[in-house]
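S.K.: My structure is stored as input_38.tsv, with TSV, C-alpha atoms.
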```
chain	number	residue	atom	x	y	z
R	1	MET	CA	7.22	17.89	-11.29
R	2	HIS	CA	9.87	18.42	-8.63
R	3	TYR	CA	10.25	14.77	-7.82
R	4	THR	CA	11.50	13.36	-11.09
R	5	VAL	CA	14.94	12.81	-12.57
R	6	ASP	CA	15.60	12.40	-16.28
R	7	ALA	CA	15.57	8.86	-17.59
R	8	GLY	CA	18.86	7.52	-18.93
R	9	LEU	CA	22.21	6.10	-17.88
R	10	TYR	CA	24.03	7.68	-14.93
R	11	ALA	CA	27.56	7.07	-13.63
R	12	LEU	CA	28.30	6.91	-9.92
R	13	GLU	CA	31.97	7.68	-9.14
R	14	ASN	CA	34.16	6.14	-11.88
R	15	PRO	CA	32.47	3.08	-13.34
R	16	ASP	CA	34.07	1.05	-16.15
R	17	ALA	CA	33.02	-1.78	-18.44
R	18	ASP	CA	32.91	-4.30	-15.60
R	19	THR	CA	30.96	-2.21	-13.09
R	20	PRO	CA	27.50	-3.44	-11.99
R	21	VAL	CA	24.45	-1.80	-13.51
R	22	PHE	CA	21.50	-0.91	-11.28
R	23	VAL	CA	18.08	-0.06	-12.63
R	24	SER	CA	15.84	2.49	-10.91
R	25	ALA	CA	12.73	4.59	-11.34
R	26	ASN	CA	12.80	8.26	-12.23
R	27	TYR	CA	11.09	9.13	-8.95
R	28	LYS	CA	13.69	11.23	-7.19
R	29	MET	CA	13.23	9.46	-3.84
R	30	SER	CA	13.85	6.04	-5.44
R	31	PHE	CA	16.92	7.30	-7.30
R	32	ASP	CA	18.34	9.04	-4.23
R	33	ALA	CA	17.75	6.01	-2.01
R	34	LEU	CA	19.79	3.91	-4.43
R	35	ARG	CA	22.53	6.53	-4.81
R	36	SER	CA	22.97	7.07	-1.10
R	37	ALA	CA	23.01	3.31	-0.45
R	38	LEU	CA	26.20	3.04	-2.56
R	39	PRO	CA	28.57	5.49	-0.89
R	40	GLY	CA	31.93	5.67	-2.60
R	41	ARG	CA	31.11	2.77	-4.91
R	42	ASN	CA	31.41	2.71	-8.66
R	43	ALA	CA	28.13	1.94	-10.37
R	44	TRP	CA	26.03	2.50	-13.44
R	45	ILE	CA	22.44	3.51	-12.81
R	46	LEU	CA	19.93	3.05	-15.59
R	47	VAL	CA	16.93	5.23	-14.80
R	48	LEU	CA	13.63	4.26	-16.43
R	49	ASP	CA	10.87	6.70	-17.23
R	50	THR	CA	8.22	5.72	-14.68
R	51	ARG	CA	6.56	9.16	-14.83
R	52	GLY	CA	7.90	10.10	-11.43
R	53	ILE	CA	6.32	7.10	-9.70
R	54	ASN	CA	8.22	4.89	-7.24
R	55	VAL	CA	9.39	1.40	-8.20
R	56	TRP	CA	6.65	-0.75	-6.67
R	57	CYS	CA	3.73	1.37	-7.83
R	58	ALA	CA	5.25	1.81	-11.28
R	59	ALA	CA	5.83	-1.94	-11.57
R	60	GLY	CA	2.19	-2.53	-10.66
R	61	LYS	CA	1.10	-0.13	-13.35
R	62	GLY	CA	3.56	-1.53	-15.87
R	63	THR	CA	5.50	1.69	-16.42
R	64	PHE	CA	8.48	0.08	-14.68
R	65	GLY	CA	8.09	-2.75	-17.15
R	66	THR	CA	9.74	-5.07	-19.61
R	67	ALA	CA	9.12	-2.83	-22.63
R	68	GLU	CA	10.42	0.34	-20.99
R	69	LEU	CA	13.51	-1.47	-19.70
R	70	ILE	CA	14.39	-2.92	-23.09
R	71	GLU	CA	13.81	0.42	-24.77
R	72	ARG	CA	16.02	2.19	-22.22
R	73	ILE	CA	18.79	-0.41	-22.62
R	74	GLU	CA	18.83	0.28	-26.35
R	75	ALA	CA	18.45	4.06	-26.13
R	76	SER	CA	21.32	4.36	-23.64
R	77	GLY	CA	23.67	2.13	-25.65
R	78	LEU	CA	24.30	0.15	-22.48
R	79	ALA	CA	25.58	-2.88	-24.43
R	80	LYS	CA	28.51	-0.76	-25.63
R	81	VAL	CA	29.19	0.79	-22.23
R	82	VAL	CA	29.56	-2.42	-20.24
R	83	SER	CA	31.13	-5.71	-21.24
R	84	HIS	CA	29.02	-7.88	-18.90
R	85	ARG	CA	25.34	-8.59	-19.44
R	86	THR	CA	23.82	-8.36	-15.96
R	87	LEU	CA	21.31	-5.87	-14.58
R	88	ILE	CA	20.42	-5.51	-10.91
R	89	LEU	CA	16.79	-4.52	-10.44
R	90	PRO	CA	15.00	-3.73	-7.20
R	91	GLN	CA	12.99	-6.79	-6.17
R	92	LEU	CA	9.79	-4.79	-6.10
R	93	ALA	CA	10.11	-4.20	-9.86
R	94	GLY	CA	9.07	-7.85	-10.21
R	95	PRO	CA	5.37	-7.23	-10.94
R	96	GLY	CA	6.32	-5.21	-14.03
R	97	VAL	CA	9.42	-6.89	-15.47
R	98	ALA	CA	9.65	-10.38	-16.95
R	99	ALA	CA	13.31	-11.32	-16.46
R	100	HIS	CA	13.25	-14.07	-19.09
R	101	GLU	CA	11.77	-11.66	-21.66
R	102	VAL	CA	14.55	-9.15	-21.05
R	103	LYS	CA	17.12	-11.91	-21.50
R	104	ARG	CA	15.51	-13.12	-24.71
R	105	ARG	CA	14.92	-9.73	-26.30
R	106	ALA	CA	17.82	-7.60	-25.03
R	107	GLY	CA	20.42	-10.17	-23.99
R	108	PHE	CA	20.68	-8.94	-20.41
R	109	THR	CA	20.23	-11.17	-17.35
R	110	VAL	CA	18.03	-9.62	-14.72
R	111	ARG	CA	19.05	-10.19	-11.11
R	112	TYR	CA	16.61	-9.02	-8.48
R	113	GLY	CA	18.38	-7.20	-5.68
R	114	PRO	CA	17.03	-6.66	-2.18
R	115	ILE	CA	13.78	-4.81	-1.43
R	116	ARG	CA	15.48	-2.06	0.58
R	117	ALA	CA	18.26	-0.02	-0.98
R	118	LEU	CA	19.96	-0.13	2.42
R	119	ASP	CA	20.72	-3.84	1.91
R	120	ILE	CA	22.40	-3.40	-1.48
R	121	VAL	CA	25.97	-3.28	-0.24
R	122	ARG	CA	25.48	-6.48	1.78
R	123	TYR	CA	23.84	-8.07	-1.26
R	124	LEU	CA	26.74	-7.10	-3.52
R	125	ASP	CA	29.40	-8.17	-1.06
R	126	ALA	CA	27.71	-11.55	-0.65
R	127	GLY	CA	28.13	-12.12	-4.38
R	128	MET	CA	24.67	-10.90	-5.41
R	129	ARG	CA	22.91	-13.09	-2.89
R	130	ALA	CA	20.02	-11.94	-0.76
R	131	VAL	CA	19.21	-13.47	2.60
R	132	PRO	CA	15.45	-14.12	3.13
R	133	SER	CA	14.99	-11.01	5.29
R	134	MET	CA	16.12	-8.82	2.36
R	135	ARG	CA	13.34	-10.33	0.25
R	136	HIS	CA	10.54	-9.78	2.70
R	137	LYS	CA	8.36	-6.68	2.53
R	138	THR	CA	7.78	-5.51	6.08
R	139	PHE	CA	5.19	-3.15	7.53
R	140	THR	CA	6.82	-1.95	10.70
R	141	LEU	CA	5.47	0.62	13.13
R	142	LYS	CA	7.74	3.23	11.58
R	143	GLU	CA	6.63	2.33	8.06
R	144	ARG	CA	3.00	2.59	9.13
R	145	CYS	CA	3.46	5.88	10.96
R	146	VAL	CA	5.02	7.56	7.94
R	147	LEU	CA	1.72	6.95	6.12
R	148	ILE	CA	-0.47	8.55	8.80
R	149	PRO	CA	-0.11	12.20	7.67
R	150	LEU	CA	-1.30	11.23	4.19
R	151	GLU	CA	-4.26	9.23	5.55
R	152	LEU	CA	-5.14	12.09	7.89
R	153	TYR	CA	-4.87	14.71	5.18
R	154	ALA	CA	-7.26	12.81	2.92
R	155	ALA	CA	-9.75	12.22	5.75
R	156	VAL	CA	-9.59	15.73	7.21
R	157	LYS	CA	-10.12	17.34	3.81
R	158	THR	CA	-13.63	15.88	3.64
R	159	GLY	CA	-14.03	15.71	7.42
R	160	VAL	CA	-13.78	19.46	8.01
R	161	LEU	CA	-16.55	20.12	5.51
R	162	VAL	CA	-18.79	17.56	7.20
R	163	MET	CA	-18.00	19.02	10.63
R	164	VAL	CA	-18.98	22.49	9.43
R	165	LEU	CA	-22.24	21.12	8.05
R	166	PHE	CA	-23.02	19.46	11.40
R	167	VAL	CA	-22.30	22.68	13.30
R	168	ILE	CA	-24.53	24.68	10.94
R	169	ALA	CA	-27.30	22.07	11.16
R	170	SER	CA	-27.04	22.19	14.97
R	171	GLY	CA	-27.60	25.92	14.85
R	172	ILE	CA	-30.57	25.76	12.51
R	173	VAL	CA	-32.67	23.13	14.32
R	174	GLY	CA	-32.64	22.27	17.99
R	175	PRO	CA	-33.97	23.09	21.43
R	176	GLY	CA	-32.04	26.20	22.45
R	177	GLY	CA	-30.83	29.34	20.72
R	178	TRP	CA	-28.70	28.84	17.58
R	179	ARG	CA	-25.57	29.99	19.35
R	180	ASP	CA	-25.93	27.57	22.27
R	181	ASN	CA	-26.84	24.76	19.91
R	182	MET	CA	-23.76	25.31	17.83
R	183	LEU	CA	-21.41	25.57	20.79
R	184	ASN	CA	-22.93	22.57	22.55
R	185	ASP	CA	-24.32	20.00	20.09
R	186	GLY	CA	-22.41	21.31	17.08
R	187	ALA	CA	-19.07	21.30	18.85
R	188	PHE	CA	-19.72	17.78	20.14
R	189	ALA	CA	-20.57	16.62	16.62
R	190	ALA	CA	-17.25	18.02	15.39
R	191	LEU	CA	-15.42	16.33	18.27
R	192	ALA	CA	-17.13	13.00	17.57
R	193	LEU	CA	-16.19	13.15	13.89
R	194	ALA	CA	-12.63	14.14	14.69
R	195	SER	CA	-12.41	11.20	17.11
R	196	ALA	CA	-13.73	8.84	14.44
R	197	ILE	CA	-11.07	10.09	12.02
R	198	PHE	CA	-8.45	9.67	14.71
R	199	ALA	CA	-9.56	6.08	15.32
R	200	GLY	CA	-9.60	5.13	11.64
R	201	ALA	CA	-6.63	7.05	10.27
R	202	VAL	CA	-4.26	7.14	13.27
R	203	LEU	CA	-5.06	4.44	15.82
R	204	THR	CA	-5.73	1.74	13.23
R	205	PRO	CA	-2.38	2.12	11.41
R	206	VAL	CA	-0.45	2.36	14.68
R	207	LEU	CA	-2.13	-0.65	16.33
R	208	LEU	CA	-2.65	-2.67	13.13
R	209	PRO	CA	-0.92	-5.93	14.14
R	210	TYR	CA	-2.44	-5.89	17.62
R	211	LEU	CA	-6.06	-5.34	16.61
R	212	PRO	CA	-8.09	-8.55	16.33
R	213	GLY	CA	-9.47	-9.69	12.99
R	214	ARG	CA	-7.96	-9.75	9.52
R	215	ALA	CA	-10.32	-7.37	7.74
R	216	PHE	CA	-9.24	-3.76	8.12
R	217	SER	CA	-12.85	-2.58	8.61
R	218	LEU	CA	-13.15	-4.91	11.58
R	219	LYS	CA	-9.93	-3.55	13.06
R	220	GLY	CA	-11.24	0.01	12.63
R	221	PHE	CA	-14.58	-0.93	14.16
R	222	ILE	CA	-12.93	-2.51	17.20
R	223	VAL	CA	-10.60	0.41	17.81
R	224	SER	CA	-13.56	2.81	17.62
R	225	MET	CA	-15.29	1.14	20.61
R	226	PRO	CA	-13.15	2.73	23.35
R	227	VAL	CA	-13.37	6.00	21.43
R	228	VAL	CA	-17.18	5.84	21.59
R	229	VAL	CA	-17.01	5.13	25.33
R	230	VAL	CA	-14.76	8.14	25.92
R	231	LEU	CA	-17.11	10.33	23.88
R	232	PHE	CA	-20.08	9.23	25.99
R	233	LEU	CA	-18.19	9.93	29.20
R	234	LEU	CA	-17.46	13.43	27.94
R	235	ARG	CA	-20.99	14.00	26.70
R	236	HIS	CA	-22.99	12.65	29.65
R	237	PRO	CA	-26.09	12.32	27.50
R	238	ASP	CA	-29.48	12.34	29.19
R	239	ILE	CA	-30.61	8.91	28.04
R	240	THR	CA	-33.96	9.26	29.80
R	241	SER	CA	-34.98	11.78	27.13
R	242	ALA	CA	-35.84	10.76	23.60
R	243	ALA	CA	-33.43	13.32	22.19
R	244	GLY	CA	-30.58	12.07	24.37
R	245	MET	CA	-31.26	8.48	23.37
R	246	LEU	CA	-31.44	9.30	19.68
R	247	GLU	CA	-28.27	11.37	19.72
R	248	SER	CA	-26.35	8.68	21.62
R	249	ALA	CA	-27.49	5.99	19.21
R	250	ALA	CA	-26.60	8.26	16.30
R	251	TRP	CA	-22.98	8.63	17.37
R	252	ALA	CA	-22.71	4.98	18.39
R	253	LEU	CA	-23.48	4.25	14.73
R	254	MET	CA	-21.63	7.07	12.96
R	255	VAL	CA	-18.31	6.96	14.82
R	256	PRO	CA	-17.67	3.22	14.17
R	257	ALA	CA	-18.91	3.62	10.59
R	258	VAL	CA	-16.44	6.40	9.82
R	259	ALA	CA	-13.59	4.66	11.65
R	260	ALA	CA	-14.21	1.35	9.87
R	261	TYR	CA	-14.42	3.07	6.49
R	262	LEU	CA	-11.14	4.92	7.00
R	263	ALA	CA	-9.47	1.75	8.29
R	264	MET	CA	-10.68	-0.04	5.16
R	265	ASN	CA	-9.08	2.68	3.05
R	266	PHE	CA	-5.76	1.96	4.74
R	267	THR	CA	-5.60	-1.28	2.72
R	268	GLY	CA	-4.27	0.85	-0.13
R	269	ALA	CA	-1.28	1.98	1.89
R	270	SER	CA	-0.58	-1.40	3.45
R	271	THR	CA	2.06	-3.72	2.02
R	272	TYR	CA	0.22	-7.03	2.17
R	273	THR	CA	-3.43	-6.78	1.10
R	274	SER	CA	-4.58	-8.50	-2.08
R	275	LEU	CA	-7.14	-7.11	-4.50
R	276	SER	CA	-9.32	-10.24	-4.13
R	277	GLY	CA	-9.21	-9.83	-0.37
R	278	VAL	CA	-10.09	-6.14	-0.48
R	279	LYS	CA	-13.03	-6.84	-2.79
R	280	LYS	CA	-14.25	-9.59	-0.48
R	281	GLU	CA	-13.96	-7.33	2.57
R	282	MET	CA	-15.73	-4.47	0.81
R	283	ARG	CA	-18.66	-6.65	-0.23
R	284	TRP	CA	-19.82	-6.91	3.37
R	285	ALA	CA	-18.09	-3.94	5.01
R	286	LEU	CA	-19.06	-1.12	2.68
R	287	PRO	CA	-22.87	-1.70	2.89
R	288	ILE	CA	-22.63	-1.87	6.69
R	289	GLU	CA	-20.51	1.29	6.87
R	290	ILE	CA	-22.86	3.22	4.60
R	291	GLY	CA	-25.94	1.80	6.36
R	292	ALA	CA	-24.65	2.68	9.82
R	293	GLY	CA	-23.53	6.13	8.68
R	294	VAL	CA	-26.84	7.00	7.03
R	295	SER	CA	-29.04	5.64	9.84
R	296	GLY	CA	-26.85	7.46	12.35
R	297	LEU	CA	-27.39	10.68	10.45
R	298	VAL	CA	-31.15	10.13	10.37
R	299	LEU	CA	-31.21	9.48	14.13
R	300	TRP	CA	-29.10	12.55	14.79
R	301	LEU	CA	-31.45	14.75	12.75
R	302	SER	CA	-34.49	13.21	14.49
R	303	ALA	CA	-32.89	14.06	17.83
R	304	ARG	CA	-32.67	17.70	16.74
R	305	PHE	CA	-36.37	17.79	15.92
R	306	VAL	CA	-37.76	15.96	18.98
R	307	ALA	CA	-35.66	17.96	21.43
X	1	MET	CA	7.78	-8.28	14.21
X	2	ALA	CA	4.34	-9.66	13.54
X	3	HIS	CA	3.89	-11.47	10.27
X	4	PHE	CA	0.99	-9.88	8.46
X	5	GLU	CA	-1.62	-11.94	6.70
X	6	TYR	CA	-4.81	-10.66	5.15
X	7	LEU	CA	-8.04	-12.63	4.60
X	8	LYS	CA	-7.89	-16.42	4.36
X	9	ASN	CA	-8.60	-18.49	1.24
X	10	VAL	CA	-9.24	-15.60	-1.07
X	11	VAL	CA	-6.28	-15.13	-3.40
X	12	THR	CA	-6.38	-16.18	-7.05
X	13	LEU	CA	-2.87	-17.65	-7.03
X	14	GLU	CA	-2.61	-20.93	-8.96
X	15	TYR	CA	0.47	-23.06	-9.29
X	16	ARG	CA	0.96	-26.11	-11.51
X	17	GLU	CA	3.91	-27.98	-10.12
X	18	GLU	CA	4.35	-30.18	-13.19
X	19	LYS	CA	5.37	-27.12	-15.21
X	20	CYS	CA	7.98	-25.93	-12.69
X	21	ILE	CA	11.61	-26.10	-13.83
X	22	GLY	CA	13.01	-25.05	-10.48
X	23	CYS	CA	14.57	-21.77	-11.61
X	24	GLY	CA	13.57	-20.10	-8.34
X	25	MET	CA	12.57	-16.77	-9.85
X	26	CYS	CA	9.25	-16.80	-7.97
X	27	ILE	CA	11.10	-17.23	-4.68
X	28	GLU	CA	13.37	-14.34	-5.64
X	29	VAL	CA	10.62	-11.84	-6.54
X	30	CYS	CA	7.94	-12.72	-3.97
X	31	PRO	CA	7.86	-10.07	-1.22
X	32	HIS	CA	5.95	-12.36	1.16
X	33	ALA	CA	7.81	-15.68	0.96
X	34	VAL	CA	4.86	-17.54	-0.52
X	35	PHE	CA	7.10	-20.08	-2.29
X	36	ARG	CA	10.02	-22.27	-1.29
X	37	PHE	CA	11.99	-25.17	-2.80
X	38	ASN	CA	10.51	-28.49	-1.81
X	39	GLY	CA	13.65	-30.58	-2.12
X	40	THR	CA	12.76	-32.09	-5.49
X	41	ARG	CA	14.15	-29.20	-7.56
X	42	ARG	CA	10.68	-27.73	-7.78
X	43	VAL	CA	8.97	-25.10	-5.68
X	44	GLU	CA	5.88	-25.40	-3.54
X	45	VAL	CA	3.41	-22.89	-2.20
X	46	THR	CA	3.92	-22.64	1.53
X	47	SER	CA	1.95	-19.62	2.67
X	48	ARG	CA	-0.77	-19.00	0.16
X	49	ASP	CA	-2.70	-16.59	2.40
X	50	ALA	CA	0.33	-14.29	2.54
X	51	CYS	CA	0.01	-13.67	-1.21
X	52	MET	CA	-0.93	-10.09	-2.06
X	53	GLU	CA	-1.50	-10.77	-5.76
X	54	CYS	CA	1.21	-8.39	-6.93
X	55	GLY	CA	1.83	-10.72	-9.87
X	56	ALA	CA	5.64	-10.68	-9.72
X	57	CYS	CA	5.88	-14.50	-9.62
X	58	SER	CA	3.68	-15.18	-12.62
X	59	ARG	CA	5.31	-12.35	-14.59
X	60	ASN	CA	8.75	-13.86	-13.97
X	61	CYS	CA	7.85	-17.52	-14.39
X	62	PRO	CA	9.39	-18.62	-17.71
X	63	THR	CA	7.12	-21.68	-18.02
X	64	GLU	CA	3.82	-20.11	-16.98
X	65	ALA	CA	3.52	-22.51	-14.07
X	66	ILE	CA	2.07	-19.73	-11.93
X	67	SER	CA	-0.99	-17.65	-12.62
X	68	VAL	CA	-2.61	-14.97	-10.52
X	69	GLN	CA	-5.10	-12.22	-11.23
X	70	SER	CA	-2.83	-9.43	-10.18
X	71	GLY	CA	-4.00	-6.08	-8.89
X	72	VAL	CA	-3.54	-3.56	-6.14
X	73	GLY	CA	-5.34	-4.31	-2.89
X	74	CYS	CA	-6.63	-0.82	-2.35
X	75	ALA	CA	-10.19	-0.02	-1.26
X	76	ALA	CA	-10.03	3.53	-2.60
X	77	ALA	CA	-9.15	2.21	-6.05
X	78	VAL	CA	-12.05	-0.27	-5.94
X	79	ILE	CA	-14.43	2.55	-4.96
X	80	ASN	CA	-13.05	4.76	-7.73
X	81	GLY	CA	-13.63	1.89	-10.13
X	82	MET	CA	-17.24	1.50	-8.95
X	83	LEU	CA	-17.78	5.23	-9.44
X	84	GLY	CA	-16.40	4.98	-12.96
X	85	ARG	CA	-13.23	6.89	-12.23
X	86	LYS	CA	-9.77	5.72	-13.20
X	87	SER	CA	-9.28	2.69	-11.01
X	88	SER	CA	-5.79	1.32	-11.37
X	89	ALA	CA	-3.88	4.26	-9.94
X	90	CYS	CA	-4.89	3.99	-6.28
X	91	CYS	CA	-2.78	5.74	-3.73
X	92	CYS	CA	0.15	5.76	-6.14
X	93	THR	CA	-1.05	9.00	-7.69
X	94	THR	CA	-0.38	10.90	-4.52
X	95	ASP	CA	3.24	10.00	-4.16
X	96	THR	CA	4.49	12.36	-6.83
X	97	GLY	CA	3.29	15.21	-4.68
X	98	ASN	CA	4.42	13.75	-1.41
X	99	PRO	CA	7.91	12.31	-1.18
X	100	LYS	CA	7.15	10.93	2.26
X	101	THR	CA	5.29	7.90	1.02
X	102	GLY	CA	8.32	6.81	-0.97
X	103	GLY	CA	8.31	3.14	-1.81
X	104	THR	CA	5.83	2.11	0.81
X	105	CYS	CA	2.65	3.17	-0.91
X	106	CYS	CA	0.33	0.44	-2.24
```
Could you rewrite the structure in this file as structure tokens?

M.R.:
Amino acid sequence: MHYTVDAGLYALENPDADTPVFVSANYKMSFDALRSALPGRNAWILVLDTRGINVWCAAGKGTFGTAELIERIEASGLAKVVSHRTLILPQLAGPGVAAHEVKRRAGFTVRYGPIRALDIVRYLDAGMRAVPSMRHKTFTLKERCVLIPLELYAAVKTGVLVMVLFVIASGIVGPGGWRDNMLNDGAFAALALASAIFAGAVLTPVLLPYLPGRAFSLKGFIVSMPVVVVLFLLRHPDITSAAGMLESAAWALMVPAVAAYLAMNFTGASTYTSLSGVKKEMRWALPIEIGAGVSGLVLWLSARFVA
Amino acid sequence: MAHFEYLKNVVTLEYREEKCIGCGMCIEVCPHAVFRFNGTRRVEVTSRDACMECGACSRNCPTEAISVQSGVGCAAAVINGMLGRKSSACCCTTDTGNPKTGGTCC
């Protein structure tokens, strides 16, 4: 575990009994973001044991929670270190910590600071007051782009295996020699799948607010349409032949299915989707995605045999 | 910047105004400005569809005026749940290995 810091009470510069106390997670990135947002300032930082998980996720799981906070207040002897009784928590700790419970059981008043550590100095200097923009969780282009490598990694891990299987299958059955089949149909299959991953895991996050619809699957489906068109322009399928028809139909089903599925998975990385909403979306989207994917696969295999 | 809203009329957020004591904690913790003061020392729900069911408001409401079935809106977690794997963790499990996701995951 390279990304954890030890739980406990830390001093920044030269804090005394009147210095503000900040509470953070023991995920190194959370701790460092807080530290670097307070350059040259005196502060106490009470680090909770969130098992190396960031504030928001840990609060959702309850590890950044009321019980852990109260325990850490007692274990650190905080009441003897400071004379005031105020703790500043990151706002996104809210799902895990009940401020009134902390007050009742440990005697400390919880104040929720801004969402971003970068706003802390402004919050402090305004007398612990946050303007509305500090309280609003954004999902900017930059914030979305940072997530793309992770989405891509997850998709490509499975995707490469599927591509290899398509290339091998192209070689085994088909009209020409195995080598030609693999280089022609197999390579196109790999390209089509890579394009579908690109649509779902890259284009969807980047274009998220501009894509019509609210459901992520719908956004992924829509963004896959131009991708399908480009693939057809590259492929120039012979749609007068049964094999050409079947193969075209196969990719017209599989590419949107994969893109929509990956777009749907991006709900987990987004900052505004609700569980009820995701369940509702999945009830209609998942059967369609699986149905389109499987029928596309059947059509593609049929194309290999009729050719 | 565009204001994001997910599906309409789906969240489980419930608010009983008669229990509200106007402490404003829900306004303070909500990351999507779902609540605001209505001028009568109580809060009102202004953008219900912006709610992401994180549960911060109900957790911090001292009079239990707010209830919500909280959870993480993550398709992968729902699928893991359907497959009988551990469901609550979602994308959060990956962030210990990848510092890049930082606080933005889930």

S.K.: For chain X, list the residues within 6 Å of chain R, counting all atoms listed in the file, and write the list as a compact mmCIF listing (two decimals) with C-alpha atoms, keeping the file's coordinate frame.

M.R.:
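Full text of result21.txt as output:
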```txt
# COMPACT_ATOMS: atom_id res chain seq x y z
CA TYR X 6 -4.81 -10.66 5.15
CA LEU X 7 -8.04 -12.63 4.60
CA VAL X 10 -9.24 -15.60 -1.07
CA VAL X 11 -6.28 -15.13 -3.40
CA VAL X 29 10.62 -11.84 -6.54
CA PRO X 31 7.86 -10.07 -1.22
CA HIS X 32 5.95 -12.36 1.16
CA MET X 52 -0.93 -10.09 -2.06
CA GLU X 53 -1.50 -10.77 -5.76
CA CYS X 54 1.21 -8.39 -6.93
CA GLY X 55 1.83 -10.72 -9.87
CA ALA X 56 5.64 -10.68 -9.72
CA ARG X 59 5.31 -12.35 -14.59
CA ASN X 60 8.75 -13.86 -13.97
CA GLY X 71 -4.00 -6.08 -8.89
CA VAL X 72 -3.54 -3.56 -6.14
CA GLY X 73 -5.34 -4.31 -2.89
CA CYS X 74 -6.63 -0.82 -2.35
CA ALA X 75 -10.19 -0.02 -1.26
CA ALA X 76 -10.03 3.53 -2.60
CA CYS X 92 0.15 5.76 -6.14
CA GLY X 103 8.31 3.14 -1.81
CA CYS X 105 2.65 3.17 -0.91
CA CYS X 106 0.33 0.44 -2.24
```

S.K.: Excluding same-chain residues fewer than 4 positions from Ile66 in chain X, what lies within 8 Å of it counting all atoms listed in the file, as JSON, numbers by chain?

M.R.: {"X": [13, 14, 15, 16, 57, 58, 61]}

S.K.: Excluding same-chain residues fewer than 2 positions from Val34 in chain X, what lies within 7 Å of it counting all atoms listed in the file, as a PyMOL selection string?

M.R.: chain X and resi 30+32+45-48+50-51

S.K.: Show which residues sit within 12 Å of Val43 in chain X, as a list in words. Count only C-alpha atoms, and ignore same-chain residues fewer than 4 positions away.

M.R.: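 The residues satisfying every condition are Tyr15, Arg16, Glu17, Glu18, Lys19, Cys20, Ile21, Gly22, Cys23, Gly24, Met25, Cys26, Ile27, Glu28, Ala33, Val34, Phe35, Arg36, Phe37, Asn38, Gly39, Cys57, Cys61, Ala65 and Ile66 of chain X.
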
S.K.: CA of Val229 in chain R and CA of Gly244 in chain R, how far apart in Å?

M.R.: 15.3 Å

S.K.: Rounded to one decimal, what separation in Å do you get between CA of Lys142 in chain R and CA of Leu207 in chain R?

M.R.: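 Taking CA of Lys142 in chain R and CA of Leu207 in chain R, their separation equals 11.6 Å.
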
S.K.: Which residues are near range 121-124 of chain R? Cut-off 10 Å, all atoms listed in the file, ignore same chain within fewer than 4 positions. Put them as a PDB file with C-alpha atoms, in the coordinates of the input.

M.R.:
```pdb
ATOM      1  CA  PRO R  20      27.500  -3.440 -11.990  1.00  0.00           C
ATOM      2  CA  ALA R  37      23.010   3.310  -0.450  1.00  0.00           C
ATOM      3  CA  LEU R  38      26.200   3.040  -2.560  1.00  0.00           C
ATOM      4  CA  PRO R  39      28.570   5.490  -0.890  1.00  0.00           C
ATOM      5  CA  ARG R  41      31.110   2.770  -4.910  1.00  0.00           C
ATOM      6  CA  ILE R  88      20.420  -5.510 -10.910  1.00  0.00           C
ATOM      7  CA  GLY R 113      18.380  -7.200  -5.680  1.00  0.00           C
ATOM      8  CA  PRO R 114      17.030  -6.660  -2.180  1.00  0.00           C
ATOM      9  CA  ALA R 117      18.260  -0.020  -0.980  1.00  0.00           C
ATOM     10  CA  MET R 128      24.670 -10.900  -5.410  1.00  0.00           C
ATOM     11  CA  ARG R 129      22.910 -13.090  -2.890  1.00  0.00           C
ATOM     12  CA  ALA R 130      20.020 -11.940  -0.760  1.00  0.00           C
ATOM     13  CA  VAL R 131      19.210 -13.470   2.600  1.00  0.00           C
ATOM     14  CA  MET R 134      16.120  -8.820   2.360  1.00  0.00           C
TER      15      MET R 134
END
```

S.K.: At what distance in Å, to one decimal, does CA of Ser195 in chain R lie from CA of Val173 in chain R?

M.R.: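 Result for CA of Val173 in chain R versus CA of Ser195 in chain R: 23.7 Å, one decimal.
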
S.K.: Let me have the centre and edge lengths of the axis-aligned box enclosing all listed atoms of range 93-100 of chain R with 4 Å padding on every side, in Å to one decimal, as AutoDock Vina command-line options.

M.R.:
```
--center_x 9.3 --center_y -9.1 --center_z -14.5 --size_x 15.9 --size_y 17.9 --size_z 17.2
```
